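**Student:** Got a structure for you, coords.txt, holding compact mmCIF, C-alpha atoms.
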# COMPACT_ATOMS: atom_id res chain seq x y z
CA MET A 11 -10.90 187.56 136.00
CA SER A 12 -12.53 188.60 139.28
CA SER A 13 -10.37 191.31 140.82
CA SER A 14 -13.05 193.05 142.89
CA PHE A 15 -14.31 192.39 146.41
CA GLY A 16 -17.17 193.71 148.54
CA THR A 17 -20.79 194.80 148.10
CA ILE A 18 -20.92 198.40 149.36
CA PHE A 19 -17.31 199.00 150.42
CA ARG A 20 -15.89 197.72 147.14
CA VAL A 21 -12.24 197.17 146.27
CA ALA A 22 -10.71 196.36 142.90
CA THR A 23 -6.98 195.60 142.76
CA PHE A 24 -4.76 195.89 139.69
CA GLY A 25 -1.19 195.31 138.49
CA GLU A 26 1.34 192.51 138.04
CA SER A 27 4.32 191.64 140.20
CA HIS A 28 6.91 192.86 137.65
CA GLY A 29 4.84 195.48 135.83
CA LEU A 30 5.00 199.24 136.32
CA GLY A 31 3.08 199.10 139.58
CA VAL A 32 0.16 197.77 141.58
CA GLY A 33 -2.71 199.30 143.48
CA ALA A 34 -6.41 199.44 144.18
CA VAL A 35 -9.56 201.47 143.60
CA VAL A 36 -11.85 201.78 146.63
CA ASP A 37 -15.48 202.63 145.88
CA GLY A 38 -18.19 203.17 148.50
CA CYS A 39 -15.98 204.75 151.16
CA PRO A 40 -18.00 207.26 153.22
CA PRO A 41 -17.16 210.96 152.79
CA ARG A 42 -15.54 213.33 155.32
CA ILE A 43 -13.10 210.76 156.71
CA SER A 44 -9.64 212.04 157.58
CA LEU A 45 -7.19 210.18 155.32
CA SER A 46 -3.59 210.57 154.20
CA GLU A 47 -0.88 208.41 152.68
CA ALA A 48 0.63 208.02 156.17
CA ASP A 49 -2.54 206.24 157.37
CA ILE A 50 -1.98 203.61 154.68
CA GLN A 51 1.82 203.47 154.65
CA GLN A 52 2.12 201.96 158.13
CA GLN A 53 0.46 198.70 157.05
CA LEU A 54 2.30 198.63 153.74
CA ASP A 55 5.60 198.90 155.61
CA ARG A 56 4.67 195.76 157.58
CA ARG A 57 3.96 193.89 154.33
CA ARG A 58 6.85 195.07 152.17
CA PRO A 59 9.75 192.79 151.10
CA GLY A 60 13.31 193.06 152.37
CA GLN A 61 12.40 193.57 156.03
CA SER A 62 14.81 190.97 157.43
CA ASP A 63 16.79 187.86 156.54
CA LEU A 64 13.53 185.90 156.93
CA THR A 65 12.01 187.46 153.81
CA THR A 66 12.76 187.94 150.13
CA PRO A 67 15.73 190.25 149.45
CA ARG A 68 13.74 192.15 146.81
CA GLN A 69 14.00 195.84 147.76
CA GLU A 70 10.70 197.66 147.38
CA TYR A 71 9.71 200.54 149.65
CA ASP A 72 6.09 200.32 148.52
CA GLU A 73 5.36 204.03 148.90
CA VAL A 74 1.66 204.65 148.27
CA THR A 75 0.21 207.59 146.35
CA ILE A 76 -3.45 208.60 146.65
CA LEU A 77 -4.49 209.59 143.12
CA SER A 78 -8.14 210.51 143.70
CA GLY A 79 -11.04 210.58 146.14
CA VAL A 80 -9.30 212.66 148.82
CA GLU A 81 -9.08 216.45 149.05
CA ASN A 82 -7.65 218.57 151.85
CA GLY A 83 -7.12 215.42 153.91
CA ARG A 84 -10.77 214.30 153.74
CA THR A 85 -12.47 211.61 151.65
CA LEU A 86 -14.96 212.91 149.11
CA GLY A 87 -17.20 209.84 148.90
CA THR A 88 -15.89 209.27 145.37
CA PRO A 89 -13.60 206.41 144.26
CA ILE A 90 -10.21 206.43 145.97
CA ALA A 91 -7.39 205.35 143.65
CA LEU A 92 -4.22 204.05 145.33
CA PHE A 93 -0.96 203.38 143.47
CA VAL A 94 2.40 201.81 144.40
CA ALA A 95 5.18 201.77 141.80
CA ASN A 96 7.34 198.69 141.27
CA LYS A 97 11.01 199.70 141.42
CA ASP A 98 13.05 196.50 141.76
CA GLN A 99 11.69 194.33 138.95
CA ARG A 100 13.90 191.67 137.40
CA THR A 101 11.95 189.94 134.65
CA SER A 102 15.23 188.45 133.41
CA ASP A 103 15.18 186.13 136.44
CA TYR A 104 12.23 184.31 134.85
CA LYS A 105 13.24 183.98 131.19
CA ASN A 106 14.51 180.42 131.56
CA LEU A 107 11.27 179.47 133.34
CA LEU A 108 8.90 180.42 130.51
CA PRO A 109 8.74 176.91 128.97
CA VAL A 110 8.39 175.27 132.40
CA PRO A 111 5.33 175.55 134.67
CA ARG A 112 6.73 175.81 138.19
CA PRO A 113 5.44 173.03 140.50
CA SER A 114 2.46 174.11 142.66
CA HIS A 115 2.56 177.61 141.17
CA ALA A 116 -0.10 179.24 138.97
CA ASP A 117 1.93 179.13 135.73
CA TYR A 118 0.13 176.09 134.31
CA THR A 119 -3.40 177.03 135.37
CA TYR A 120 -3.15 180.64 134.11
CA GLN A 121 -1.78 179.40 130.79
CA MET A 122 -4.61 176.88 130.44
CA LYS A 123 -7.28 179.44 131.35
CA TYR A 124 -6.12 182.49 129.38
CA GLY A 125 -3.70 181.10 126.78
CA VAL A 126 -1.17 183.65 128.01
CA ARG A 127 0.45 184.67 131.28
CA ALA A 128 2.69 187.35 132.72
CA THR A 129 6.32 186.66 131.83
CA GLY A 130 7.78 188.09 135.06
CA GLY A 131 7.14 186.40 138.38
CA GLY A 132 3.63 185.20 139.11
CA GLY A 133 1.81 188.17 137.59
CA ARG A 134 -1.59 188.52 139.27
CA ALA A 135 -0.98 185.29 141.19
CA SER A 136 1.99 186.88 142.95
CA ALA A 137 1.63 188.03 146.54
CA ARG A 138 2.60 191.49 145.26
CA GLU A 139 -1.05 191.84 144.19
CA THR A 140 -1.92 192.03 147.90
CA ILE A 141 -0.46 195.54 148.14
CA GLY A 142 -3.80 196.86 146.87
CA ARG A 143 -5.67 194.84 149.49
CA VAL A 144 -3.47 196.11 152.32
CA ALA A 145 -3.80 199.73 151.17
CA ALA A 146 -7.60 199.46 150.94
CA GLY A 147 -7.76 197.49 154.19
CA ALA A 148 -5.93 200.29 156.02
CA ILE A 149 -8.77 202.64 155.07
CA ALA A 150 -11.39 200.12 156.22
CA ALA A 151 -9.52 199.57 159.50
CA LYS A 152 -9.47 203.30 160.22
CA ILE A 153 -13.24 203.55 159.66
CA LEU A 154 -13.86 200.58 161.97
CA LYS A 155 -11.55 201.88 164.69
CA LYS A 156 -13.04 205.37 164.76
CA THR A 157 -16.66 204.26 164.42
CA TYR A 158 -16.87 201.14 166.59
CA ASN A 159 -13.43 201.03 168.25
CA ILE A 160 -12.94 197.73 166.42
CA GLU A 161 -9.36 196.48 166.64
CA ILE A 162 -8.01 193.74 164.38
CA VAL A 163 -4.78 192.00 165.38
CA ALA A 164 -3.18 189.03 163.61
CA TRP A 165 -0.05 187.12 164.55
CA VAL A 166 2.01 184.08 163.54
CA SER A 167 1.07 181.11 165.71
CA VAL A 168 2.71 178.26 163.76
CA VAL A 169 5.76 177.96 161.48
CA GLY A 170 6.45 174.47 160.18
CA SER A 171 6.58 172.17 163.21
CA ILE A 172 6.97 175.06 165.68
CA GLU A 173 3.74 176.09 167.42
CA ALA A 174 3.50 178.97 169.88
CA PRO A 175 1.83 178.20 173.20
CA GLU A 176 -1.83 179.17 173.31
CA LEU A 177 -2.05 182.79 174.41
CA TYR A 178 -5.10 184.64 175.67
CA PRO A 179 -6.05 186.63 172.54
CA GLY A 180 -7.26 189.59 174.63
CA THR A 181 -3.68 190.40 175.66
CA ILE A 182 -2.17 190.45 172.15
CA ASN A 183 -1.62 193.80 170.43
CA HIS A 184 0.35 195.11 167.46
CA LYS A 185 3.28 196.17 169.63
CA LEU A 186 3.72 192.62 170.96
CA VAL A 187 3.35 191.13 167.49
CA ASP A 188 5.86 193.45 165.82
CA ARG A 189 8.63 193.13 168.36
CA THR A 190 10.03 190.13 166.44
CA ALA A 191 10.69 189.79 162.70
CA VAL A 192 8.61 186.61 162.56
CA ARG A 193 5.61 188.42 164.13
CA CYS A 194 4.94 185.90 166.89
CA PRO A 195 4.13 187.51 170.29
CA ASP A 196 5.75 184.64 172.23
CA MET A 197 9.48 185.41 172.30
CA GLU A 198 10.69 181.84 172.84
CA ALA A 199 8.52 180.43 170.06
CA ALA A 200 9.46 183.34 167.78
CA GLU A 201 13.15 182.50 168.11
CA LYS A 202 12.51 178.86 167.21
CA MET A 203 10.32 179.89 164.26
CA ALA A 204 13.03 182.21 162.94
CA GLU A 205 15.55 179.37 163.09
CA GLU A 206 13.12 177.09 161.25
CA ILE A 207 12.80 179.66 158.47
CA ARG A 208 16.55 180.26 158.27
CA ARG A 209 17.16 176.50 158.08
CA ALA A 210 14.71 176.14 155.18
CA LYS A 211 16.29 179.11 153.41
CA LYS A 212 19.79 177.66 153.79
CA GLU A 213 18.56 174.38 152.31
CA LEU A 214 17.01 176.29 149.35
CA ASP A 215 13.61 175.18 150.56
CA SER A 216 10.54 176.76 152.15
CA VAL A 217 8.18 176.27 155.09
CA GLY A 218 4.51 177.07 155.79
CA GLY A 219 2.62 178.25 158.83
CA ILE A 220 -0.58 179.48 160.45
CA ILE A 221 -1.75 183.01 161.23
CA SER A 222 -4.25 183.63 164.04
CA CYS A 223 -6.44 186.74 164.07
CA ILE A 224 -8.76 188.38 166.59
CA CYS A 225 -11.26 191.14 165.87
CA ARG A 226 -12.29 192.93 169.06
CA ASN A 227 -15.36 195.12 169.76
CA VAL A 228 -17.28 193.93 166.71
CA PRO A 229 -20.92 194.81 167.52
CA PRO A 230 -23.59 192.09 167.39
CA GLY A 231 -25.72 191.90 164.27
CA LEU A 232 -23.15 191.99 161.44
CA GLY A 233 -23.48 189.31 158.76
CA GLU A 234 -26.03 188.57 156.03
CA PRO A 235 -27.47 185.04 156.13
CA VAL A 236 -27.69 182.78 154.40
CA PHE A 237 -24.94 183.05 151.78
CA ASP A 238 -23.14 186.13 153.09
CA LYS A 239 -22.64 184.95 156.65
CA MET A 240 -19.83 186.60 158.57
CA GLU A 241 -17.72 183.45 158.65
CA ALA A 242 -18.47 182.71 154.98
CA LYS A 243 -17.28 186.18 153.94
CA LEU A 244 -14.18 185.86 156.12
CA ALA A 245 -13.41 182.41 154.69
CA ARG A 246 -13.74 183.69 151.13
CA ALA A 247 -11.53 186.68 151.92
CA MET A 248 -8.81 184.66 153.61
CA LEU A 249 -8.74 181.87 151.03
CA SER A 250 -8.34 184.47 148.29
CA ILE A 251 -4.92 185.39 149.74
CA PRO A 252 -2.08 183.70 147.81
CA ALA A 253 -0.69 180.50 149.39
CA THR A 254 -3.64 179.91 151.74
CA LYS A 255 -4.85 176.34 152.18
CA GLY A 256 -7.19 176.39 155.17
CA PHE A 257 -9.53 178.49 157.32
CA GLU A 258 -11.16 177.79 160.66
CA ILE A 259 -13.15 179.96 163.05
CA GLY A 260 -13.60 179.58 166.80
CA SER A 261 -12.98 175.99 167.85
CA GLY A 262 -12.59 175.06 164.17
CA PHE A 263 -11.76 171.45 163.41
CA ALA A 264 -10.89 170.79 167.05
CA GLY A 265 -14.55 171.38 167.88
CA THR A 266 -15.47 168.18 166.05
CA ARG A 267 -13.84 166.23 168.88
CA MET A 268 -16.00 167.89 171.55
CA ARG A 269 -19.47 167.05 172.84
CA GLY A 270 -22.22 169.63 172.44
CA SER A 271 -22.29 170.08 176.20
CA GLU A 272 -18.62 171.11 176.04
CA HIS A 273 -18.82 173.16 172.88
CA ASN A 274 -21.92 175.28 173.57
CA ASP A 275 -21.29 178.88 174.70
CA PRO A 276 -23.65 179.66 177.62
CA PHE A 277 -24.97 183.22 177.86
CA VAL A 278 -24.33 185.48 180.83
CA LEU A 279 -25.05 189.12 181.64
CA LYS A 280 -21.97 191.26 181.04
CA GLY A 281 -22.73 194.72 182.37
CA ASP A 282 -25.78 195.90 180.41
CA HIS A 283 -25.72 193.29 177.66
CA LEU A 284 -25.65 189.55 177.10
CA GLY A 285 -22.38 187.82 176.35
CA THR A 286 -21.04 184.29 176.42
CA ILE A 287 -18.88 182.57 179.02
CA THR A 288 -16.83 180.71 176.41
CA ASN A 289 -16.20 181.56 172.77
CA ASN A 290 -16.08 178.29 170.85
CA SER A 291 -18.31 179.99 168.26
CA GLY A 292 -15.50 182.42 167.50
CA GLY A 293 -17.78 185.43 167.86
CA VAL A 294 -20.25 184.31 165.17
CA GLN A 295 -23.53 182.44 165.53
CA GLY A 296 -25.93 181.77 162.68
CA GLY A 297 -23.61 183.73 160.42
CA ILE A 298 -24.08 186.90 162.51
CA SER A 299 -21.61 188.49 164.93
CA ASN A 300 -22.70 188.01 168.55
CA GLY A 301 -20.60 190.74 170.16
CA GLU A 302 -17.81 188.46 171.35
CA PRO A 303 -14.34 188.72 169.76
CA ILE A 304 -14.18 187.14 166.32
CA PHE A 305 -11.32 184.65 166.30
CA PHE A 306 -10.06 182.64 163.32
CA ARG A 307 -6.94 180.98 161.91
CA VAL A 308 -5.56 180.80 158.37
CA ALA A 309 -3.19 178.11 157.05
CA PHE A 310 -0.44 179.02 154.55
CA LYS A 311 1.44 176.44 152.48
CA PRO A 312 5.22 176.49 151.99
CA THR A 313 6.27 178.95 149.27
CA SER A 314 5.97 177.20 145.90
CA THR A 315 9.07 178.67 144.29
CA ILE A 316 12.23 177.19 145.82
CA GLY A 317 15.89 177.05 144.84
CA LYS A 318 16.27 173.31 145.36
CA PRO A 319 16.40 171.33 142.08
CA GLN A 320 13.07 169.64 141.25
CA MET A 321 12.29 167.01 138.66
CA THR A 322 9.22 168.16 136.69
CA ALA A 323 8.04 168.57 133.10
CA ASP A 324 7.88 171.49 130.65
CA PHE A 325 4.75 172.46 128.72
CA SER A 326 5.56 169.89 126.02
CA GLY A 327 5.71 167.11 128.60
CA GLN A 328 9.48 166.64 128.46
CA GLU A 329 11.15 165.90 131.79
CA VAL A 330 13.36 168.71 133.07
CA VAL A 331 15.22 169.59 136.23
CA LEU A 332 13.98 172.96 137.46
CA GLU A 333 16.30 175.16 139.49
CA ALA A 334 14.28 178.31 140.09
CA SER A 335 16.03 181.64 140.30
CA GLY A 336 14.56 184.91 141.50
CA ARG A 337 13.93 186.29 144.99
CA HIS A 338 11.32 184.60 147.13
CA ASP A 339 10.25 184.34 150.76
CA PRO A 340 11.33 181.10 152.46
CA CYS A 341 8.16 181.54 154.55
CA VAL A 342 5.28 183.86 153.70
CA VAL A 343 3.57 184.12 157.09
CA PRO A 344 5.56 186.99 158.69
CA ARG A 345 4.64 189.32 155.81
CA ALA A 346 1.10 187.92 155.50
CA VAL A 347 0.05 189.19 158.94
CA PRO A 348 -1.05 192.65 157.68
CA ILE A 349 -2.72 191.01 154.67
CA VAL A 350 -4.93 188.91 156.96
CA GLU A 351 -5.75 191.98 159.07
CA SER A 352 -6.61 193.99 155.96
CA MET A 353 -8.91 191.37 154.47
CA ALA A 354 -10.72 191.05 157.82
CA ALA A 355 -11.16 194.84 157.91
CA LEU A 356 -12.59 194.86 154.38
CA VAL A 357 -15.12 192.15 155.28
CA ILE A 358 -16.27 193.77 158.52
CA ALA A 359 -16.44 197.29 157.06
CA ASP A 360 -18.55 196.06 154.15
CA LEU A 361 -20.92 194.17 156.45
CA ALA A 362 -21.16 197.19 158.78
CA LEU A 363 -22.16 199.39 155.84
CA ARG A 364 -24.73 196.81 154.77
CA GLN A 365 -26.15 196.76 158.29
CA LYS A 366 -26.47 200.56 158.26
CA LEU A 367 -28.14 200.34 154.85
CA ASN A 368 -30.73 198.00 156.36
CA GLY A 369 -31.65 200.64 158.97
CA LYS A 370 -34.06 203.43 157.99
CA ALA A 371 -31.95 206.08 159.71
CA PHE A 372 -28.92 205.43 157.53
CA CYS A 373 -28.20 205.74 153.86
CA ARG A 374 -25.57 203.95 151.83
CA HIS A 375 -22.75 206.31 152.79
CA CYS A 376 -23.77 206.93 156.43
CA LEU A 377 -21.59 204.54 158.38
CA THR A 378 -20.39 207.66 160.24
CA GLY A 379 -23.95 208.80 160.99
CA GLY A 380 -23.25 212.04 159.14
CA LYS A 381 -20.32 212.81 161.43
CA GLU A 382 -16.79 213.55 160.38
CA ILE A 383 -14.17 210.98 161.38
CA VAL A 384 -10.87 212.51 162.42
Please express the file's structure as structure tokens.
**Tutor:**
Amino acid sequence: MSSSFGTIFRVATFGESHGLGVGAVVDGCPPRISLSEADIQQQLDRRRPGQSDLTTPRQEYDEVTILSGVENGRTLGTPIALFVANKDQRTSDYKNLLPVPRPSHADYTYQMKYGVRATGGGGRASARETIGRVAAGAIAAKILKKTYNIEIVAWVSVVGSIEAPELYPGTINHKLVDRTAVRCPDMEAAEKMAEEIRRAKKELDSVGGIISCICRNVPPGLGEPVFDKMEAKLARAMLSIPATKGFEIGSGFAGTRMRGSEHNDPFVLKGDHLGTITNNSGGVQGGISNGEPIFFRVAFKPTSTIGKPQMTADFSGQEVVLEASGRHDPCVVPRAVPIVESMAALVIADLALRQKLNGKAFCRHCLTGGKEIV
């Protein structure tokens, strides 16, 4: 199983959804960075279950503990171990499901690959695994903010058939995103999205959606062609998140309906540097960041586990009617916003460290240029 991500800023996550706990080990983090549990907890609070009636009722406070790699509030340059205990496990909810692979879930594929699978929830396939990603991503985001003033903001732009009006990404910030439980910055659309989720929940069903994300102040030059292009790394990161089904950057699939004369981004002098008038490229050209905001969207499917009875088959091939129990999100996108932000931070931090490594003036751990980040 591949549970690690990154080349220099490396993250390995561990734990199952109904085990003792989950977490991550971060290796390659530069030393002398100010870091505490509070820096990480803020993002974990945005991801945790039980936030509103739009999410799973499972009650987990997801309090993180830093086990190693930090002393006196500063990183040591050694591996940082992060742990979050599971407190509200109910493996009994899944006992009747053991003989039946849940439709569109990972039960069947894990069983076929390993000959065994976790008996509670989705195990490693559960979205609870993403706690480690969010914790590690919070560290990466702090490095990027203090070093380059990079800001990463994601928001819900589509839930089911409800799509928010196109907003100028430069005006969206975390405060606007978090003012509604559904995490859509447009109040009118957010209200309709919340109703769509509540309707699906009442009908024992689920609904999907799309998360948009913008990464501001990313310097030009990040990305490693040809196989580690910026957009390739972002696509891999986003599609590794549970329930994702699509990724597009810049104009995305809509760009296929444009002529080259419409789609090209002409250059213009912006102060003391070149920039582009439009941003159909999404901030990336030739696999390398061009200094414009990086903009992408991620599609999430409806939650696989639903309460509505479904005709399916057990592992022996016998037809059964499955009525899943347990506690599940009727829509994953409100809680997936910090996951998308965290994975983007991990990608950009790793590529920034690789860029520094390519320069003679910097060593592997010198993203901070030898300076302490506070």
**Student:** What lies within 12 Å of segment 271-286 of chain A using only C-alpha atoms, ignoring chain neighbours under 5 positions off, as a list in words?
**Tutor:**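 So the residues in contact are Pro229, Pro230, Gly260, Ser261, Gly262, Phe263, Ala264, Gly265, Thr266, Ser291, Gly292, Gly293, Val294, Gln295, Ser299, Asn300, Gly301, Glu302 and Pro303 of chain A.
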**Student:** Choose the residue, out of A:Phe305, A:Tyr118, A:Tyr124, A:Tyr158, that has the smallest atom-to-atom separation from Ile259 of chain A; count all atoms listed in the file.
**Tutor:**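 Of all the options, A:Phe305 lies closest to Ile259 of chain A.
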**Student:** List every protein, DNA or RNA residue that has an atom no more than 12 Å from (-0.5, 191.1, 145.4) in the file's coordinate frame, counting all atoms listed in the file, and report them as a PyMOL selection string.
**Tutor:** chain A and resi 13+22-29+31-34+54+57-59+72+94+96+131-145+250-253+345-346+349
**Student:** Set the distance at 12 Å and use only C-alpha atoms: which residues neighbour segment 314-327 of chain A once local chain neighbours fewer than 2 positions away are removed? I'd like the list as an NGL selection string.
**Tutor:** :A and (66 or 104 or 106-119 or 121-122 or 131-132 or 135-137 or 210-218 or 252-254 or 310-312 or 329-342)
**Student:** Could you check how far atom CA of Val187 of chain A sits from atom CA of Val350 of chain A, in Å to one decimal?
**Tutor:**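 Atom CA of Val350 of chain A lies at a distance of 13.6 Å from atom CA of Val187 of chain A.
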**Student:** Counting all atoms listed in the file, write as a short mmCIF file (atom, residue, chain, number, x, y, z; two decimals) with C-alpha atoms, in the frame of the given file all protein and nucleic acid residues lying at most 7 Å from (-15.8, 203.5, 155.3) in the file's frame.
**Tutor:**
data_model
loop_
_atom_site.label_atom_id
_atom_site.label_comp_id
_atom_site.auth_asym_id
_atom_site.auth_seq_id
_atom_site.Cartn_x
_atom_site.Cartn_y
_atom_site.Cartn_z
CA PHE A 19 -17.31 199.00 150.42
CA CYS A 39 -15.98 204.75 151.16
CA PRO A 40 -18.00 207.26 153.22
CA ALA A 150 -11.39 200.12 156.22
CA ILE A 153 -13.24 203.55 159.66
CA ALA A 359 -16.44 197.29 157.06
CA LEU A 377 -21.59 204.54 158.38
#
**Student:** As an exercise, work out the distance from atom CA of Ala354 of chain A to atom CA of Ser78 of chain A in Å and give it to one decimal place.
**Tutor:**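 Taking atom CA of Ala354 of chain A and atom CA of Ser78 of chain A, their separation equals 24.2 Å.
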**Student:** Between A:Glu81, A:Glu173, A:Asp238, A:Glu206, which residue has the minimum interatomic distance to Cys194 of chain A, considering all atoms listed in the file?
**Tutor:**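 Comparing A:Glu81, A:Glu173, A:Asp238, A:Glu206 against Cys194 of chain A, the winner is A:Glu173.
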**Student:** What's the separation between atom CA of Gly147 of chain A and atom CA of Ile18 of chain A, in Å to one decimal place?
**Tutor:**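 About the pair atom CA of Gly147 of chain A and atom CA of Ile18 of chain A: they are 14.0 Å apart.
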**Student:** Nearest residue to Lys152 of chain A out of A:Ala48, A:Val35, A:Val308, A:Leu361, using all atoms listed in the file?
**Tutor:** A:Ala48
**Student:** Restricting the calculation to all atoms listed in the file: of A:Pro175, A:Gly231, A:Gly60, A:Gly296, which residue gets closest to Ala191 of chain A?
**Tutor:**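 Closest residue, counting all atoms listed in the file: A:Gly60.
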**Student:** Pick out the residues sitting within 7 Å of Glu161 of chain A, and hand them over as a list in words; count all atoms listed in the file, and ignore anything fewer than 3 positions along from it in its own chain.
**Tutor:**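 Within the cut-off, the hits are Lys155, Cys225, Arg226 and Asn227 of chain A.
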**Student:** Report, as AutoDock Vina command-line options, the centre and edge lengths in Å (one decimal) of the axis-aligned box enclosing every listed atom of segment 300-315 of chain A, padded by 5 Å on each side.
**Tutor:**
--center_x -6.8 --center_y 183.6 --center_z 157.8 --size_x 41.8 --size_y 24.3 --size_z 37.1
**Student:** Please determine, counting only C-alpha atoms, which residue among A:Thr17, A:Ala151, A:Met248, A:Asn290 has the shortest atom-to-atom distance to Leu367 of chain A.
**Tutor:**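 The answer is A:Thr17, which sits nearest to Leu367 of chain A.
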**Student:** When distances are computed from all atoms listed in the file, which of A:Pro67, A:Pro348, A:Gly83, A:Gly180 shows the smallest separation from Pro41 of chain A?
**Tutor:**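 Nearest candidate to Pro41 of chain A out of A:Pro67, A:Pro348, A:Gly83, A:Gly180: A:Gly83.
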**Student:** What would segment 124-180 of chain A look like if you wrote it out as an mmCIF file, in the first residue's frame, with C-alpha atoms included, from the block I just posted?
**Tutor:**
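out-v4.cif written:
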data_model
loop_
_atom_site.group_PDB
_atom_site.id
_atom_site.type_symbol
_atom_site.label_atom_id
_atom_site.label_comp_id
_atom_site.auth_asym_id
_atom_site.auth_seq_id
_atom_site.Cartn_x
_atom_site.Cartn_y
_atom_site.Cartn_z
ATOM 1 C CA TYR A 124 -5.351 -7.983 0.200
ATOM 2 C CA GLY A 125 -7.589 -10.949 1.061
ATOM 3 C CA VAL A 126 -8.622 -9.049 4.190
ATOM 4 C CA ARG A 127 -10.069 -5.676 5.088
ATOM 5 C CA ALA A 128 -10.833 -3.525 8.111
ATOM 6 C CA THR A 129 -14.054 -4.683 9.775
ATOM 7 C CA GLY A 130 -15.143 -1.211 10.924
ATOM 8 C CA GLY A 131 -16.118 1.443 8.405
ATOM 9 C CA GLY A 132 -13.941 1.859 5.344
ATOM 10 C CA GLY A 133 -10.600 1.376 7.091
ATOM 11 C CA ARG A 134 -7.904 3.163 5.090
ATOM 12 C CA ALA A 135 -10.448 3.976 2.373
ATOM 13 C CA SER A 136 -12.441 6.068 4.839
ATOM 14 C CA ALA A 137 -12.231 9.846 4.681
ATOM 15 C CA ARG A 138 -11.007 9.674 8.288
ATOM 16 C CA GLU A 139 -7.583 8.860 6.828
ATOM 17 C CA THR A 140 -7.456 12.465 5.591
ATOM 18 C CA ILE A 141 -6.910 13.741 9.138
ATOM 19 C CA GLY A 142 -3.199 13.033 8.666
ATOM 20 C CA ARG A 143 -3.184 14.943 5.384
ATOM 21 C CA VAL A 144 -4.901 17.968 6.915
ATOM 22 C CA ALA A 145 -2.541 18.007 9.908
ATOM 23 C CA ALA A 146 0.535 17.800 7.657
ATOM 24 C CA GLY A 147 -0.965 20.288 5.203
ATOM 25 C CA ALA A 148 -1.391 22.839 7.991
ATOM 26 C CA ILE A 149 2.372 22.742 8.542
ATOM 27 C CA ALA A 150 3.034 23.124 4.808
ATOM 28 C CA ALA A 151 0.569 26.016 4.590
ATOM 29 C CA LYS A 152 2.318 27.858 7.420
ATOM 30 C CA ILE A 153 5.695 27.502 5.682
ATOM 31 C CA LEU A 154 4.243 28.792 2.405
ATOM 32 C CA LYS A 155 2.466 31.723 4.047
ATOM 33 C CA LYS A 156 5.502 32.905 5.997
ATOM 34 C CA THR A 157 8.016 32.326 3.205
ATOM 35 C CA TYR A 158 6.168 33.435 0.068
ATOM 36 C CA ASN A 159 2.918 34.891 1.464
ATOM 37 C CA ILE A 160 1.155 32.115 -0.460
ATOM 38 C CA GLU A 161 -2.521 31.848 0.457
ATOM 39 C CA ILE A 162 -4.631 28.817 -0.432
ATOM 40 C CA VAL A 163 -8.420 29.148 -0.291
ATOM 41 C CA ALA A 164 -10.951 26.506 -1.354
ATOM 42 C CA TRP A 165 -14.734 26.726 -1.387
ATOM 43 C CA VAL A 166 -17.822 24.769 -2.433
ATOM 44 C CA SER A 167 -18.988 25.944 -5.849
ATOM 45 C CA VAL A 168 -21.454 23.158 -6.746
ATOM 46 C CA VAL A 169 -23.723 20.822 -4.748
ATOM 47 C CA GLY A 170 -25.856 18.491 -6.844
ATOM 48 C CA SER A 171 -27.722 20.660 -9.351
ATOM 49 C CA ILE A 172 -27.031 23.893 -7.434
ATOM 50 C CA GLU A 173 -24.138 25.947 -8.814
ATOM 51 C CA ALA A 174 -22.915 29.177 -7.249
ATOM 52 C CA PRO A 175 -22.550 32.145 -9.594
ATOM 53 C CA GLU A 176 -19.015 32.636 -10.858
ATOM 54 C CA LEU A 177 -17.174 34.805 -8.357
ATOM 55 C CA TYR A 178 -13.908 36.658 -8.863
ATOM 56 C CA PRO A 179 -11.493 34.325 -7.032
ATOM 57 C CA GLY A 180 -9.355 37.251 -5.844
#
